$ cat start_19.cif   # mmCIF, N, CA and C atoms and all ligand atoms; chains and numbers go by the auth columns
data_query
loop_
_atom_site.group_PDB
_atom_site.id
_atom_site.type_symbol
_atom_site.label_atom_id
_atom_site.label_comp_id
_atom_site.label_asym_id
_atom_site.label_seq_id
_atom_site.Cartn_x
_atom_site.Cartn_y
_atom_site.Cartn_z
_atom_site.B_iso_or_equiv
_atom_site.auth_seq_id
_atom_site.auth_asym_id
ATOM 1 N N MET A 1 45.137 -128.262 60.848 0.00 1480 A
ATOM 2 C CA MET A 1 45.501 -128.310 59.424 0.00 1480 A
ATOM 3 C C MET A 1 46.472 -129.461 59.179 0.00 1480 A
ATOM 4 N N PRO A 2 46.201 -130.295 58.200 0.00 1481 A
ATOM 5 C CA PRO A 2 47.095 -131.429 57.935 0.00 1481 A
ATOM 6 C C PRO A 2 48.449 -130.953 57.415 0.00 1481 A
ATOM 7 N N LYS A 3 49.442 -131.738 57.663 0.00 1482 A
ATOM 8 C CA LYS A 3 50.788 -131.388 57.237 0.00 1482 A
ATOM 9 C C LYS A 3 50.887 -131.417 55.705 0.00 1482 A
ATOM 10 N N GLN A 4 51.570 -130.400 55.205 0.00 1483 A
ATOM 11 C CA GLN A 4 51.693 -130.331 53.751 0.00 1483 A
ATOM 12 C C GLN A 4 53.020 -130.907 53.290 0.00 1483 A
ATOM 13 N N LYS A 5 52.961 -131.489 52.105 0.00 1484 A
ATOM 14 C CA LYS A 5 54.147 -132.079 51.508 0.00 1484 A
ATOM 15 C C LYS A 5 54.259 -131.578 50.076 0.00 1484 A
ATOM 16 N N ALA A 6 55.443 -131.737 49.535 0.00 1485 A
ATOM 17 C CA ALA A 6 55.631 -131.358 48.136 0.00 1485 A
ATOM 18 C C ALA A 6 56.061 -132.581 47.347 0.00 1485 A
ATOM 19 N N CYS A 7 55.385 -132.797 46.243 0.00 1486 A
ATOM 20 C CA CYS A 7 55.690 -133.928 45.372 0.00 1486 A
ATOM 21 C C CYS A 7 57.100 -133.773 44.806 0.00 1486 A
ATOM 22 N N LYS A 8 57.888 -134.842 44.845 0.00 1487 A
ATOM 23 C CA LYS A 8 59.252 -134.758 44.325 0.00 1487 A
ATOM 24 C C LYS A 8 59.275 -134.795 42.808 0.00 1487 A
ATOM 25 N N LYS A 9 58.215 -135.244 42.213 0.00 1488 A
ATOM 26 C CA LYS A 9 58.191 -135.311 40.744 0.00 1488 A
ATOM 27 C C LYS A 9 57.714 -134.014 40.119 0.00 1488 A
ATOM 28 N N CYS A 10 56.558 -133.514 40.566 0.00 1489 A
ATOM 29 C CA CYS A 10 56.010 -132.340 39.890 0.00 1489 A
ATOM 30 C C CYS A 10 55.956 -131.109 40.789 0.00 1489 A
ATOM 31 N N LYS A 11 56.418 -131.243 42.042 0.00 1490 A
ATOM 32 C CA LYS A 11 56.526 -130.115 42.979 0.00 1490 A
ATOM 33 C C LYS A 11 55.189 -129.567 43.478 0.00 1490 A
ATOM 34 N N THR A 12 54.112 -130.222 43.174 0.00 1491 A
ATOM 35 C CA THR A 12 52.822 -129.791 43.702 0.00 1491 A
ATOM 36 C C THR A 12 52.787 -129.924 45.223 0.00 1491 A
ATOM 37 N N ILE A 13 52.250 -128.913 45.887 0.00 1492 A
ATOM 38 C CA ILE A 13 52.090 -128.991 47.337 0.00 1492 A
ATOM 39 C C ILE A 13 50.721 -129.589 47.652 0.00 1492 A
ATOM 40 N N PHE A 14 50.710 -130.581 48.499 0.00 1493 A
ATOM 41 C CA PHE A 14 49.451 -131.246 48.820 0.00 1493 A
ATOM 42 C C PHE A 14 49.533 -131.828 50.216 0.00 1493 A
ATOM 43 N N SER A 15 48.400 -132.266 50.732 0.00 1494 A
ATOM 44 C CA SER A 15 48.402 -133.028 51.976 0.00 1494 A
ATOM 45 C C SER A 15 47.598 -134.285 51.711 0.00 1494 A
ATOM 46 N N GLY A 16 48.067 -135.387 52.225 0.00 1495 A
ATOM 47 C CA GLY A 16 47.401 -136.642 51.943 0.00 1495 A
ATOM 48 C C GLY A 16 48.438 -137.690 51.593 0.00 1495 A
ATOM 49 N N ALA A 17 47.974 -138.823 51.133 0.00 1496 A
ATOM 50 C CA ALA A 17 48.880 -139.940 50.908 0.00 1496 A
ATOM 51 C C ALA A 17 49.680 -139.799 49.626 0.00 1496 A
ATOM 52 N N LYS A 18 49.053 -139.269 48.587 0.00 1497 A
ATOM 53 C CA LYS A 18 49.815 -139.153 47.347 0.00 1497 A
ATOM 54 C C LYS A 18 49.426 -137.911 46.568 0.00 1497 A
ATOM 55 N N CYS A 19 50.268 -137.577 45.619 0.00 1498 A
ATOM 56 C CA CYS A 19 50.098 -136.362 44.843 0.00 1498 A
ATOM 57 C C CYS A 19 48.814 -136.416 44.002 0.00 1498 A
ATOM 58 N N PRO A 20 47.971 -135.394 44.130 0.00 1499 A
ATOM 59 C CA PRO A 20 46.716 -135.396 43.361 0.00 1499 A
ATOM 60 C C PRO A 20 46.951 -135.186 41.864 0.00 1499 A
ATOM 61 N N LYS A 21 48.120 -134.712 41.500 0.00 1500 A
ATOM 62 C CA LYS A 21 48.356 -134.423 40.089 0.00 1500 A
ATOM 63 C C LYS A 21 48.987 -135.581 39.335 0.00 1500 A
ATOM 64 N N CYS A 22 50.074 -136.116 39.881 0.00 1501 A
ATOM 65 C CA CYS A 22 50.755 -137.182 39.134 0.00 1501 A
ATOM 66 C C CYS A 22 50.650 -138.538 39.815 0.00 1501 A
ATOM 67 N N GLY A 23 50.085 -138.560 41.026 0.00 1502 A
ATOM 68 C CA GLY A 23 49.877 -139.841 41.690 0.00 1502 A
ATOM 69 C C GLY A 23 51.106 -140.393 42.391 0.00 1502 A
ATOM 70 N N SER A 24 52.185 -139.627 42.396 0.00 1503 A
ATOM 71 C CA SER A 24 53.412 -140.104 43.027 0.00 1503 A
ATOM 72 C C SER A 24 53.273 -140.099 44.545 0.00 1503 A
ATOM 73 N N GLU A 25 53.878 -141.088 45.193 0.00 1504 A
ATOM 74 C CA GLU A 25 53.875 -141.099 46.654 0.00 1504 A
ATOM 75 C C GLU A 25 55.190 -140.585 47.206 0.00 1504 A
ATOM 76 N N GLU A 26 56.080 -140.201 46.326 0.00 1505 A
ATOM 77 C CA GLU A 26 57.354 -139.642 46.760 0.00 1505 A
ATOM 78 C C GLU A 26 57.195 -138.167 47.019 0.00 1505 A
ATOM 79 N N ALA A 27 57.214 -137.804 48.291 0.00 1506 A
ATOM 80 C CA ALA A 27 57.009 -136.405 48.629 0.00 1506 A
ATOM 81 C C ALA A 27 57.932 -136.005 49.754 0.00 1506 A
ATOM 82 N N SER A 28 58.225 -134.744 49.811 0.00 1507 A
ATOM 83 C CA SER A 28 59.091 -134.210 50.845 0.00 1507 A
ATOM 84 C C SER A 28 58.302 -133.254 51.732 0.00 1507 A
ATOM 85 N N ASP A 29 58.440 -133.428 53.048 0.00 1508 A
ATOM 86 C CA ASP A 29 57.761 -132.466 53.918 0.00 1508 A
ATOM 87 C C ASP A 29 58.746 -131.397 54.381 0.00 1508 A
ATOM 88 N N ALA A 30 59.937 -131.418 53.828 0.00 1509 A
ATOM 89 C CA ALA A 30 60.938 -130.400 54.169 0.00 1509 A
ATOM 90 C C ALA A 30 61.203 -129.511 52.964 0.00 1509 A
ATOM 91 N N PHE A 31 60.178 -129.293 52.178 0.00 1510 A
ATOM 92 C CA PHE A 31 60.359 -128.470 50.980 0.00 1510 A
ATOM 93 C C PHE A 31 60.608 -127.013 51.337 0.00 1510 A
ATOM 94 N N LYS A 32 61.234 -126.317 50.417 0.00 1511 A
ATOM 95 C CA LYS A 32 61.578 -124.911 50.681 0.00 1511 A
ATOM 96 C C LYS A 32 60.863 -123.988 49.707 0.00 1511 A
ATOM 97 N N GLY A 33 60.187 -123.015 50.273 0.00 1512 A
ATOM 98 C CA GLY A 33 59.560 -121.982 49.459 0.00 1512 A
ATOM 99 C C GLY A 33 58.317 -122.493 48.757 0.00 1512 A
ATOM 100 N N ARG A 34 57.394 -121.596 48.501 0.00 1513 A
ATOM 101 C CA ARG A 34 56.211 -121.998 47.761 0.00 1513 A
ATOM 102 C C ARG A 34 55.794 -120.870 46.842 0.00 1513 A
ATOM 103 N N ILE A 35 55.285 -121.252 45.706 0.00 1514 A
ATOM 104 C CA ILE A 35 54.808 -120.242 44.768 0.00 1514 A
ATOM 105 C C ILE A 35 53.447 -120.665 44.255 0.00 1514 A
ATOM 106 N N PHE A 36 52.664 -119.661 43.939 0.00 1515 A
ATOM 107 C CA PHE A 36 51.364 -119.954 43.356 0.00 1515 A
ATOM 108 C C PHE A 36 51.403 -119.521 41.898 0.00 1515 A
ATOM 109 N N ILE A 37 51.299 -120.488 41.026 0.00 1516 A
ATOM 110 C CA ILE A 37 51.350 -120.208 39.596 0.00 1516 A
ATOM 111 C C ILE A 37 49.919 -120.060 39.077 0.00 1516 A
ATOM 112 N N THR A 38 49.630 -118.884 38.553 0.00 1517 A
ATOM 113 C CA THR A 38 48.283 -118.678 38.023 0.00 1517 A
ATOM 114 C C THR A 38 48.277 -118.705 36.499 0.00 1517 A
ATOM 115 N N ASN A 39 49.420 -118.385 35.923 0.00 1518 A
ATOM 116 C CA ASN A 39 49.485 -118.334 34.465 0.00 1518 A
ATOM 117 C C ASN A 39 50.801 -118.946 33.984 0.00 1518 A
ATOM 118 N N PRO A 40 50.861 -120.273 33.969 0.00 1519 A
ATOM 119 C CA PRO A 40 52.131 -120.956 33.681 0.00 1519 A
ATOM 120 C C PRO A 40 52.743 -120.575 32.333 0.00 1519 A
ATOM 121 N N GLN A 41 51.903 -120.251 31.364 0.00 1520 A
ATOM 122 C CA GLN A 41 52.432 -119.908 30.047 0.00 1520 A
ATOM 123 C C GLN A 41 53.249 -118.622 30.065 0.00 1520 A
ATOM 124 N N GLU A 42 52.932 -117.745 30.993 0.00 1521 A
ATOM 125 C CA GLU A 42 53.611 -116.462 31.012 0.00 1521 A
ATOM 126 C C GLU A 42 54.559 -116.298 32.193 0.00 1521 A
ATOM 127 N N SER A 43 54.776 -117.371 32.916 0.00 1522 A
ATOM 128 C CA SER A 43 55.628 -117.283 34.100 0.00 1522 A
ATOM 129 C C SER A 43 57.003 -117.881 33.833 0.00 1522 A
ATOM 130 N N GLU A 44 58.038 -117.070 34.075 0.00 1523 A
ATOM 131 C CA GLU A 44 59.406 -117.560 33.900 0.00 1523 A
ATOM 132 C C GLU A 44 59.716 -118.658 34.915 0.00 1523 A
ATOM 133 N N ILE A 45 59.207 -118.479 36.133 0.00 1524 A
ATOM 134 C CA ILE A 45 59.454 -119.488 37.174 0.00 1524 A
ATOM 135 C C ILE A 45 58.804 -120.810 36.788 0.00 1524 A
ATOM 136 N N ALA A 46 57.604 -120.730 36.275 0.00 1525 A
ATOM 137 C CA ALA A 46 56.912 -121.948 35.862 0.00 1525 A
ATOM 138 C C ALA A 46 57.704 -122.677 34.789 0.00 1525 A
ATOM 139 N N LYS A 47 58.278 -121.916 33.868 0.00 1526 A
ATOM 140 C CA LYS A 47 59.078 -122.534 32.808 0.00 1526 A
ATOM 141 C C LYS A 47 60.303 -123.206 33.397 0.00 1526 A
ATOM 142 N N LYS A 48 60.936 -122.512 34.337 0.00 1527 A
ATOM 143 C CA LYS A 48 62.139 -123.054 34.953 0.00 1527 A
ATOM 144 C C LYS A 48 61.844 -124.343 35.694 0.00 1527 A
ATOM 145 N N LEU A 49 60.707 -124.365 36.379 0.00 1528 A
ATOM 146 C CA LEU A 49 60.352 -125.540 37.166 0.00 1528 A
ATOM 147 C C LEU A 49 59.576 -126.563 36.327 0.00 1528 A
ATOM 148 N N LYS A 50 59.407 -126.269 35.065 0.00 1529 A
ATOM 149 C CA LYS A 50 58.685 -127.152 34.136 0.00 1529 A
ATOM 150 C C LYS A 50 57.243 -127.406 34.605 0.00 1529 A
ATOM 151 N N ILE A 51 56.589 -126.323 34.980 0.00 1530 A
ATOM 152 C CA ILE A 51 55.209 -126.411 35.439 0.00 1530 A
ATOM 153 C C ILE A 51 54.296 -125.939 34.315 0.00 1530 A
ATOM 154 N N ASN A 52 53.303 -126.695 33.985 0.00 1531 A
ATOM 155 C CA ASN A 52 52.404 -126.229 32.931 0.00 1531 A
ATOM 156 C C ASN A 52 50.933 -126.231 33.339 0.00 1531 A
ATOM 157 N N GLU A 53 50.709 -126.353 34.643 0.00 1532 A
ATOM 158 C CA GLU A 53 49.341 -126.244 35.149 0.00 1532 A
ATOM 159 C C GLU A 53 49.347 -125.266 36.306 0.00 1532 A
ATOM 160 N N LYS A 54 48.278 -124.515 36.470 0.00 1533 A
ATOM 161 C CA LYS A 54 48.272 -123.595 37.599 0.00 1533 A
ATOM 162 C C LYS A 54 48.078 -124.354 38.904 0.00 1533 A
ATOM 163 N N GLY A 55 48.569 -123.758 39.990 0.00 1534 A
ATOM 164 C CA GLY A 55 48.474 -124.417 41.267 0.00 1534 A
ATOM 165 C C GLY A 55 49.565 -123.929 42.203 0.00 1534 A
ATOM 166 N N GLU A 56 49.664 -124.591 43.323 0.00 1535 A
ATOM 167 C CA GLU A 56 50.645 -124.194 44.319 0.00 1535 A
ATOM 168 C C GLU A 56 51.811 -125.190 44.293 0.00 1535 A
ATOM 169 N N TYR A 57 53.016 -124.652 44.188 0.00 1536 A
ATOM 170 C CA TYR A 57 54.183 -125.507 44.033 0.00 1536 A
ATOM 171 C C TYR A 57 55.291 -125.143 45.003 0.00 1536 A
ATOM 172 N N ALA A 58 56.129 -126.122 45.287 0.00 1537 A
ATOM 173 C CA ALA A 58 57.326 -125.867 46.088 0.00 1537 A
ATOM 174 C C ALA A 58 58.441 -125.455 45.144 0.00 1537 A
ATOM 175 N N ILE A 59 59.301 -124.551 45.607 0.00 1538 A
ATOM 176 C CA ILE A 59 60.426 -124.160 44.781 0.00 1538 A
ATOM 177 C C ILE A 59 61.509 -125.235 44.844 0.00 1538 A
ATOM 178 N N LYS A 60 61.703 -125.768 46.020 0.00 1539 A
ATOM 179 C CA LYS A 60 62.718 -126.808 46.165 0.00 1539 A
ATOM 180 C C LYS A 60 62.171 -127.949 47.011 0.00 1539 A
ATOM 181 N N THR A 61 62.321 -129.170 46.553 0.00 1540 A
ATOM 182 C CA THR A 61 61.814 -130.308 47.331 0.00 1540 A
ATOM 183 C C THR A 61 62.967 -131.089 47.968 0.00 1540 A
HETATM 184 ZN ZN ZN B . 53.196 -134.932 41.654 0.00 1 B
#
$ encode --input "start_19.cif" --output "structure tokens"
Amino acid sequence: MPKQKACKKCKTIFSGAKCPKCGSEEASDAFKGRIFITNPQESEIAKKLKINEKGEYAIKT
């Protein structure tokens, strides 16, 4: 399994050269915690992290 990283801009967890969501190459492989947001409109955590798309995110990058 390839090593996973978390985008420092949008917190998306991904593996590869750059973030599939925002295209940023700034990523941290020492991120802490992960959450899966399925309904960003109704999630308090999603609001706090400013997430508006469903997906897997790091809590802290
Ligand atoms: Zn990103």
$ residues_around --input "start_19.cif" --residues "A:Ser1507" --least-positions-apart "5" --cutoff "6.5 Å" --atoms "all atoms listed in the file" --output "ChimeraX atom specification"
/A:1483-1487,1540
$ closest_residue --input "start_19.cif" --among "A:Ser1522, A:Ala1509, A:Cys1501, A:Thr1517" --to "A:Cys1489" --atoms "all atoms listed in the file"
A:Cys1501
$ closest_residue --input "start_19.cif" --among "A:Glu1505, A:Asn1531, A:Ala1496, A:Lys1539" --to "ligand ZN 1 (chain B)" --atoms "only C-alpha atoms and all ligand atoms"
A:Glu1505
$ closest_atom_pairs --input "start_19.cif" --of "chain A" --to "ligand ZN 1 (chain B)" --cutoff "10 Å" --atoms "only C-alpha atoms and all ligand atoms" --output "CSV"
residue,atom,partner,partner_atom,distance
A:Ala1485,CA,B:ZN1,ZN,7.8
A:Cys1486,CA,B:ZN1,ZN,4.6
A:Lys1487,CA,B:ZN1,ZN,6.6
A:Lys1488,CA,B:ZN1,ZN,5.1
A:Cys1489,CA,B:ZN1,ZN,4.2
A:Lys1490,CA,B:ZN1,ZN,6.0
A:Thr1491,CA,B:ZN1,ZN,5.5
A:Ile1492,CA,B:ZN1,ZN,8.3
A:Phe1493,CA,B:ZN1,ZN,8.9
A:Lys1497,CA,B:ZN1,ZN,7.9
A:Cys1498,CA,B:ZN1,ZN,4.7
A:Pro1499,CA,B:ZN1,ZN,6.7
A:Lys1500,CA,B:ZN1,ZN,5.1
A:Cys1501,CA,B:ZN1,ZN,4.2
A:Gly1502,CA,B:ZN1,ZN,5.9
A:Ser1503,CA,B:ZN1,ZN,5.4
A:Glu1504,CA,B:ZN1,ZN,8.0
A:Glu1505,CA,B:ZN1,ZN,8.1
A:Ala1506,CA,B:ZN1,ZN,8.1
A:Tyr1536,CA,B:ZN1,ZN,9.8
$ residues_around --input "start_19.cif" --residues "A:Gln1520" --least-positions-apart "3" --cutoff "12 Å" --atoms "only C-alpha atoms" --output "list in words"
Ile1516, Thr1517, Glu1523, Ile1524, Ala1525, Lys1526, Lys1527, Lys1529, Ile1530, Asn1531, Glu1532 and Lys1533 of chain A
$ axis_aligned_box --input "start_19.cif" --around "stretch 1527-1534 of chain A" --padding-each-side "4 Å" --output "JSON"
{"center_x": 55.1, "center_y": -125.0, "center_z": 37.6, "size_x": 22.1, "size_y": 12.9, "size_z": 17.3}
$ select_by_dssp --input "start_19.cif" --residues "chain A" --states "strand (DSSP E)" --output "number ranges by chain"
A: 1484-1486, 1492-1493, 1506-1507, 1511-1516, 1534-1539
$ select_by_dssp --input "start_19.cif" --residues "chain A" --states "alpha helix (DSSP H)" --output "PDB file with N, CA and C atoms, in the coordinates of the input"
ATOM      1  N   GLU A1523      58.038-117.070  34.075  1.00  0.00           N
ATOM      2  CA  GLU A1523      59.406-117.560  33.900  1.00  0.00           C
ATOM      3  C   GLU A1523      59.716-118.658  34.915  1.00  0.00           C
ATOM      4  N   ILE A1524      59.207-118.479  36.133  1.00  0.00           N
ATOM      5  CA  ILE A1524      59.454-119.488  37.174  1.00  0.00           C
ATOM      6  C   ILE A1524      58.804-120.810  36.788  1.00  0.00           C
ATOM      7  N   ALA A1525      57.604-120.730  36.275  1.00  0.00           N
ATOM      8  CA  ALA A1525      56.912-121.948  35.862  1.00  0.00           C
ATOM      9  C   ALA A1525      57.704-122.677  34.789  1.00  0.00           C
ATOM     10  N   LYS A1526      58.278-121.916  33.868  1.00  0.00           N
ATOM     11  CA  LYS A1526      59.078-122.534  32.808  1.00  0.00           C
ATOM     12  C   LYS A1526      60.303-123.206  33.397  1.00  0.00           C
ATOM     13  N   LYS A1527      60.936-122.512  34.337  1.00  0.00           N
ATOM     14  CA  LYS A1527      62.139-123.054  34.953  1.00  0.00           C
ATOM     15  C   LYS A1527      61.844-124.343  35.694  1.00  0.00           C
TER      16      LYS A1527
END
$ atom_distance --input "start_19.cif" --atom1 "atom CA of A:Asp1508" --atom2 "atom C of A:Glu1535"
13.5 Å
$ atom_distance --input "start_19.cif" --atom1 "atom C of A:Leu1528" --atom2 "atom CA of A:Lys1482"
23.2 Å
$ atom_distance --input "start_19.cif" --atom1 "atom N of A:Arg1513" --atom2 "atom N of A:Ala1537"
5.7 Å
